[in-house]
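Peer 1: Starting off with a structure, shown below.
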Amino acid sequence: MSALTETTMPETTLSADAVLFETLLRVGDSALILGHRVSEWCGHAPTLEEDIAQANVALDLIGQATLWLGLAAEVEGAGRDADALAFRRDAGGFRNLLLAEQPNRDFAVTVMRQFLFDAWHAELLAGLAASTDPRVAEIAAKARKEVAYHLDRSETLVIGLGDGTPESHARMQAALTRLWPFTGEPFRGDATDAAAAEAGIAPDPAALEPGWRARVEAVLAEATLTLPDTARFRSGGRSGVHGEALGLLLAEMQFLQRAYPDATW
Amino acid sequence: MSSEWPLWEVFIRGQHGLNHRHVGSLHAPSAEMAIQNARDVYTRRNEGVSIWVVRSNDITASAPSDKGPLFEPSNAKVYRHPTFFDIPDDVGHM
């Protein structure tokens with residue numbers, strides 16, 4: 001593992017490239033891990049239409065991750081490529097949001113996780129599309145269109161299921177309560193985020209919260225769902241401190257490349 | 001209320017075509033979701049620029065048993081085809 005990804009490295013010494021590398025991992029890893037999570041529905045979704053739609057979202061996210069991690073590898077300049085970053089890092093090297101790695105459980109959790117993530121993702125990409133780094137701005141501009149659709153879709157599902165049958169409402173409310181503690185992390189920046197914002201590479205995480213919150217509150221109100229009063233907010237994903245869920249996900253996602261390095265077909 | 005999602009017929013306007021064409025059907029709980037499902041099911045390979053959906057129940061179809069009265073009489077009316085005109089050579093291939 002490169003020294004750049006060691007969490008023990010003092011952040012104040014990060015070079016401009018190291019800040020960019022870390023920023024790209026954070027964006028790319030969230031897309032990759034959620035993309036893999038969503039792909040787990042392939043062949044198992046409640047209806048054929050949902051199955052195809054979920055697979056499309058997964059493919060969009062994994063496609064975005066390919067671009068972000070490809071650029072990260074290029075910036076790192078250590079001979080790794082996007083595949084090496086995706087399939088040859090251990091859990092501690094991943095920089096995704098904890099929200100992204102949460103298990104699918106039932107369809108309500110999947111849909112709620114997608115909505116909470118999409119609403120943040122759309123805000124983030126709007127900021128990244130204005131990045132001072134044209135490579136970042138270009139990828140963000142492409143991803144924005146895909147994510148605008150993801151958000152449209154997850155909003156419709158949250159409203160339809162929240163304001164649906166007593167069963168669907170109860171499951172959506174339970175999903176919201178379960179996932180809410182993971183909605184603080186996207187907006188808590190650290191020294192790397194501050195350096196990235198200072199350089200104009202990426203938006204300040206805290207600046208994304210008002211837009212996210214307004215959208216989430218409006219949609220949840222329409223969905224007749226109640227925001228949890230309090231929550232013990234959890235974070236750590238963006239600095240490599242993950243839950244058990246990520247290790248299990250990686251065990252499946254990385255199996256082939258770990259067991260048969262450089263296998264092609 | 002039925003727990004089954006209703007069936008919708010999907011019409012897509014292709015990139016180069018002028019008309020929406022029927023491409024198939026799918027299930028969805030609402031018109032909005034039907035459009036989104038149609039986008040995901042039928043436009044994955046850049047097939048369309050516009051989508052129409054309509055509840056299958058809202059389509060009134062001719063009955064197969066009426067095929068005789070509806071369509072057979074026109075079989076005997078060949079003069080309705082524009083095949084009895086001499087086309088001037090100048091017109092070329094039509």
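Residue numbering restarts at 1 for every chain of the structure tokens, chains are lettered A, B, ... in their displayed order, and ligands are numbered from 1 as they appear.
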Can you list, as a PyMOL selection string, every protein, DNA or RNA residue that comes within 8 Å of Val23 (chain B) when you count only C-alpha atoms, leaving out same-chain residues fewer than 6 positions away?

Peer 2: chain B and resi 9-12+42

Peer 1: Please list as a short mmCIF file (atom, residue, chain, number, x, y, z; two decimals) with N, CA and C atoms, in the first residue's frame every residue within 9 Å of region 76-83 of chain A, counting only C-alpha atoms and excluding residues in the same chain fewer than 2 positions away.

Peer 2:
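In the end it all went to part_38.cif:
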```cif
data_model
loop_
_atom_site.label_atom_id
_atom_site.label_comp_id
_atom_site.auth_asym_id
_atom_site.auth_seq_id
_atom_site.Cartn_x
_atom_site.Cartn_y
_atom_site.Cartn_z
N SER A 2 0.48 2.21 -0.77
CA SER A 2 1.23 3.45 -0.86
C SER A 2 1.15 4.24 0.45
N LEU A 4 0.65 7.17 0.69
CA LEU A 4 -0.39 8.22 0.57
C LEU A 4 -1.69 7.79 1.22
N ASP A 17 -0.81 17.03 -4.80
CA ASP A 17 -1.20 15.78 -5.47
C ASP A 17 -1.81 14.79 -4.48
N ALA A 18 -1.25 14.77 -3.27
CA ALA A 18 -1.77 13.86 -2.26
C ALA A 18 -3.19 14.24 -1.86
N LEU A 20 -5.32 15.79 -3.82
CA LEU A 20 -6.17 15.42 -4.96
C LEU A 20 -6.42 13.92 -4.97
N PHE A 21 -5.37 13.14 -4.74
CA PHE A 21 -5.50 11.68 -4.72
C PHE A 21 -6.51 11.23 -3.68
N ALA A 65 -17.03 5.24 -10.75
CA ALA A 65 -15.88 4.86 -9.92
C ALA A 65 -14.67 4.56 -10.80
N THR A 66 -14.90 3.94 -11.95
CA THR A 66 -13.79 3.64 -12.87
C THR A 66 -13.08 4.92 -13.27
N LEU A 67 -13.89 5.97 -13.56
CA LEU A 67 -13.28 7.24 -13.97
C LEU A 67 -12.55 7.90 -12.81
N TRP A 68 -13.19 7.95 -11.64
CA TRP A 68 -12.56 8.61 -10.48
C TRP A 68 -11.29 7.88 -10.07
N LEU A 69 -11.36 6.56 -9.98
CA LEU A 69 -10.19 5.80 -9.52
C LEU A 69 -9.10 5.77 -10.59
N GLY A 70 -9.51 5.81 -11.86
CA GLY A 70 -8.52 5.89 -12.94
C GLY A 70 -7.71 7.17 -12.82
N LEU A 71 -8.42 8.26 -12.56
CA LEU A 71 -7.72 9.55 -12.39
C LEU A 71 -6.87 9.53 -11.12
N ALA A 72 -7.41 8.92 -10.06
CA ALA A 72 -6.65 8.83 -8.81
C ALA A 72 -5.32 8.10 -9.04
N ALA A 73 -5.40 6.99 -9.78
CA ALA A 73 -4.19 6.20 -10.04
C ALA A 73 -3.18 7.01 -10.85
N GLU A 74 -3.72 7.78 -11.80
CA GLU A 74 -2.85 8.62 -12.64
C GLU A 74 -2.16 9.68 -11.78
N LEU A 85 -6.70 -0.26 -7.63
CA LEU A 85 -7.26 0.46 -6.49
C LEU A 85 -8.55 -0.21 -6.00
N ALA A 86 -9.35 -0.70 -6.92
CA ALA A 86 -10.63 -1.28 -6.53
C ALA A 86 -10.45 -2.66 -5.90
N PHE A 87 -9.55 -3.46 -6.48
CA PHE A 87 -9.52 -4.88 -6.10
C PHE A 87 -8.32 -5.29 -5.26
N ARG A 88 -7.35 -4.39 -5.05
CA ARG A 88 -6.15 -4.80 -4.31
C ARG A 88 -5.93 -3.95 -3.06
#
```

Peer 1: Write out, as a tab-separated table, each residue of chain B that has an atom at most 9 Å from chain A, together with the closest pair of atoms and their distance in Å to one decimal, counting only C-alpha atoms, rows going by chain and rising number.

Peer 2:
```
residue	atom	partner	partner_atom	distance
B:Leu26	CA	A:Glu49	CA	7.3
B:His27	CA	A:Glu49	CA	7.3
B:Ala28	CA	A:Glu49	CA	8.1
B:Pro29	CA	A:Gly160	CA	8.6
B:Ser30	CA	A:Gly160	CA	8.9
B:Glu32	CA	A:Thr156	CA	7.9
B:Met33	CA	A:Thr156	CA	7.3
B:Gln36	CA	A:Arg153	CA	7.0
B:Asn37	CA	A:Glu49	CA	5.9
B:Ala38	CA	A:Glu49	CA	8.3
B:Arg39	CA	A:Ala53	CA	8.6
B:Asp40	CA	A:Ala53	CA	5.3
B:Val41	CA	A:Ile52	CA	6.4
B:Arg44	CA	A:Asn56	CA	8.2
```

Peer 1: Could you list, as a list in words, every residue within 8 Å of region 124-137 of chain A, counting only C-alpha atoms and ignoring same-chain residues fewer than 5 positions away?

Peer 2: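 Counting only the stated atoms, we get Leu71, Ala143, Arg144, Ala199, Gly200, Ile201, Ala202, Pro203, Pro205 and Leu208 of chain A.
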
Peer 1: List the spatial neighbours of Leu61 (chain A) as number ranges by chain - criterion: any atom at most 8 Å away, only C-alpha atoms, same-chain residues fewer than 5 positions off excluded.

Peer 2: A: 31-32, 34-35

Peer 1: So that I can check the surroundings of region 57-61 of chain B, please list as a list of chain:residue names every protein, DNA and RNA residue that reaches within 9 Å of it, counting only C-alpha atoms and ignoring chain neighbours fewer than 2 positions away.

Peer 2: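 What passes the distance filter is B:Pro6, B:Leu7, B:Trp8, B:Glu9, B:Val54, B:Arg55, B:Ala63, B:Pro64.
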
Peer 1: Just list the residues in chain B DSSP gives alpha helix (DSSP H) on the backbone, as a ChimeraX atom specification.

Peer 2: /B:31-42,67-71

Peer 1: Determine, counting only C-alpha atoms, which protein, DNA and RNA residues have an atom within 8 Å of an atom of Arg234 (chain A); residues of the same chain fewer than 3 positions away are not included. Present the result as a PDB file with C-alpha atoms, in the first residue's frame.

Peer 2:
```pdb
ATOM      1  CA  LEU A  98     -20.249   4.460   5.855  1.00  0.00           C
ATOM      2  CA  PRO A 181     -26.894   8.047  11.978  1.00  0.00           C
ATOM      3  CA  PHE A 182     -24.840   7.767   8.779  1.00  0.00           C
ATOM      4  CA  GLY A 184     -23.743  13.296   9.409  1.00  0.00           C
ATOM      5  CA  GLU A 185     -20.500  11.947   7.975  1.00  0.00           C
TER       6      GLU A 185
END
```

Peer 1: I'd like the interatomic distance between CA of Gly237 (chain A) and CA of Glu146 (chain A), to a tenth of an Å.

Peer 2: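 Value for the CA of Gly237 (chain A)-CA of Glu146 (chain A) distance: 24.0 Å.
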
Peer 1: Using only C-alpha atoms, which of A:Thr192, A:Thr177, A:Phe187, A:Leu116 sits nearest Ser239 (chain A)?

Peer 2: A:Thr192

Peer 1: Give me, as a PDB file with N, CA, C and O atoms, in the first residue's frame, all polymer residues having an atom no more than 10 Å from Ser30 (chain A), counting only C-alpha atoms and skipping those fewer than 5 positions away in the same chain.

Peer 2:
```
ATOM      1  N   LEU A  25     -10.170   9.414  -4.185  1.00  0.00           N
ATOM      2  CA  LEU A  25     -10.517   8.139  -3.556  1.00  0.00           C
ATOM      3  C   LEU A  25     -11.841   8.264  -2.815  1.00  0.00           C
ATOM      4  O   LEU A  25     -12.687   7.371  -2.865  1.00  0.00           O
ATOM      5  N   GLY A  35     -22.195   1.155  -5.630  1.00  0.00           N
ATOM      6  CA  GLY A  35     -22.469   0.443  -6.887  1.00  0.00           C
ATOM      7  C   GLY A  35     -22.458  -1.061  -6.676  1.00  0.00           C
ATOM      8  O   GLY A  35     -23.336  -1.777  -7.160  1.00  0.00           O
ATOM      9  N   HIS A  36     -21.471  -1.541  -5.904  1.00  0.00           N
ATOM     10  CA  HIS A  36     -21.426  -2.975  -5.651  1.00  0.00           C
ATOM     11  C   HIS A  36     -22.621  -3.425  -4.816  1.00  0.00           C
ATOM     12  O   HIS A  36     -23.235  -4.455  -5.086  1.00  0.00           O
ATOM     13  N   LEU A  61     -22.889   3.828 -11.272  1.00  0.00           N
ATOM     14  CA  LEU A  61     -21.980   4.140 -10.161  1.00  0.00           C
ATOM     15  C   LEU A  61     -20.615   3.484 -10.362  1.00  0.00           C
ATOM     16  O   LEU A  61     -19.572   4.091 -10.105  1.00  0.00           O
ATOM     17  N   ILE A  62     -20.614   2.250 -10.827  1.00  0.00           N
ATOM     18  CA  ILE A  62     -19.335   1.560 -11.037  1.00  0.00           C
ATOM     19  C   ILE A  62     -18.576   2.224 -12.195  1.00  0.00           C
ATOM     20  O   ILE A  62     -17.353   2.356 -12.155  1.00  0.00           O
ATOM     21  N   ALA A  65     -17.028   5.245 -10.753  1.00  0.00           N
ATOM     22  CA  ALA A  65     -15.884   4.859  -9.925  1.00  0.00           C
ATOM     23  C   ALA A  65     -14.669   4.565 -10.799  1.00  0.00           C
ATOM     24  O   ALA A  65     -13.536   4.908 -10.444  1.00  0.00           O
ATOM     25  N   PHE A  94      -9.937   1.956   2.032  1.00  0.00           N
ATOM     26  CA  PHE A  94     -11.122   2.514   1.366  1.00  0.00           C
ATOM     27  C   PHE A  94     -11.600   3.779   2.072  1.00  0.00           C
ATOM     28  O   PHE A  94     -11.529   3.888   3.287  1.00  0.00           O
ATOM     29  N   ARG A  95     -12.080   4.716   1.248  1.00  0.00           N
ATOM     30  CA  ARG A  95     -12.436   6.048   1.744  1.00  0.00           C
ATOM     31  C   ARG A  95     -13.927   6.368   1.543  1.00  0.00           C
ATOM     32  O   ARG A  95     -14.320   7.514   1.519  1.00  0.00           O
ATOM     33  N   ASN A  96     -14.725   5.327   1.333  1.00  0.00           N
ATOM     34  CA  ASN A  96     -16.154   5.543   1.085  1.00  0.00           C
ATOM     35  C   ASN A  96     -16.898   5.941   2.351  1.00  0.00           C
ATOM     36  O   ASN A  96     -16.472   5.619   3.467  1.00  0.00           O
ATOM     37  N   LEU A  97     -18.035   6.599   2.159  1.00  0.00           N
ATOM     38  CA  LEU A  97     -18.934   6.914   3.271  1.00  0.00           C
ATOM     39  C   LEU A  97     -19.458   5.610   3.882  1.00  0.00           C
ATOM     40  O   LEU A  97     -19.711   4.643   3.170  1.00  0.00           O
ATOM     41  N   LEU A  98     -19.652   5.630   5.188  1.00  0.00           N
ATOM     42  CA  LEU A  98     -20.249   4.460   5.855  1.00  0.00           C
ATOM     43  C   LEU A  98     -21.638   4.178   5.286  1.00  0.00           C
ATOM     44  O   LEU A  98     -22.063   3.030   5.188  1.00  0.00           O
ATOM     45  N   LEU A  99     -22.359   5.243   4.894  1.00  0.00           N
ATOM     46  CA  LEU A  99     -23.703   5.067   4.322  1.00  0.00           C
ATOM     47  C   LEU A  99     -23.661   4.121   3.122  1.00  0.00           C
ATOM     48  O   LEU A  99     -24.540   3.277   2.962  1.00  0.00           O
ATOM     49  N   ALA A 100     -22.625   4.274   2.295  1.00  0.00           N
ATOM     50  CA  ALA A 100     -22.550   3.499   1.058  1.00  0.00           C
ATOM     51  C   ALA A 100     -22.362   2.007   1.312  1.00  0.00           C
ATOM     52  O   ALA A 100     -22.794   1.177   0.516  1.00  0.00           O
ATOM     53  N   GLU A 101     -21.711   1.656   2.407  1.00  0.00           N
ATOM     54  CA  GLU A 101     -21.405   0.241   2.645  1.00  0.00           C
ATOM     55  C   GLU A 101     -22.497  -0.476   3.434  1.00  0.00           C
ATOM     56  O   GLU A 101     -22.426  -1.695   3.623  1.00  0.00           O
ATOM     57  N   PHE A 117     -28.200   9.016  -0.186  1.00  0.00           N
ATOM     58  CA  PHE A 117     -26.923   9.130  -0.893  1.00  0.00           C
ATOM     59  C   PHE A 117     -27.065  10.010  -2.135  1.00  0.00           C
ATOM     60  O   PHE A 117     -26.256  10.920  -2.354  1.00  0.00           O
ATOM     61  N   HIS A 121     -24.983  13.112  -3.260  1.00  0.00           N
ATOM     62  CA  HIS A 121     -24.164  12.921  -4.454  1.00  0.00           C
ATOM     63  C   HIS A 121     -24.423  14.035  -5.472  1.00  0.00           C
ATOM     64  O   HIS A 121     -23.488  14.570  -6.085  1.00  0.00           O
ATOM     65  N   GLY A 237     -15.606   6.459   7.758  1.00  0.00           N
ATOM     66  CA  GLY A 237     -15.392   5.840   6.455  1.00  0.00           C
ATOM     67  C   GLY A 237     -14.409   6.602   5.593  1.00  0.00           C
ATOM     68  O   GLY A 237     -13.555   6.018   4.918  1.00  0.00           O
ATOM     69  N   ARG A 238     -14.510   7.930   5.637  1.00  0.00           N
ATOM     70  CA  ARG A 238     -13.674   8.736   4.759  1.00  0.00           C
ATOM     71  C   ARG A 238     -12.225   8.777   5.218  1.00  0.00           C
ATOM     72  O   ARG A 238     -11.361   9.296   4.512  1.00  0.00           O
TER      73      ARG A 238
END
```

Peer 1: Work out how far CA of Thr43 (chain B) is from CA of Ser56 (chain B), in Å to one decimal.

Peer 2: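 A separation of 19.8 Å between them.
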
Peer 1: How many Å separate CA of Leu176 (chain A) from CA of Val109 (chain A)?

Peer 2: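 Atom-to-atom, CA of Leu176 (chain A) to CA of Val109 (chain A), that is 7.5 Å.
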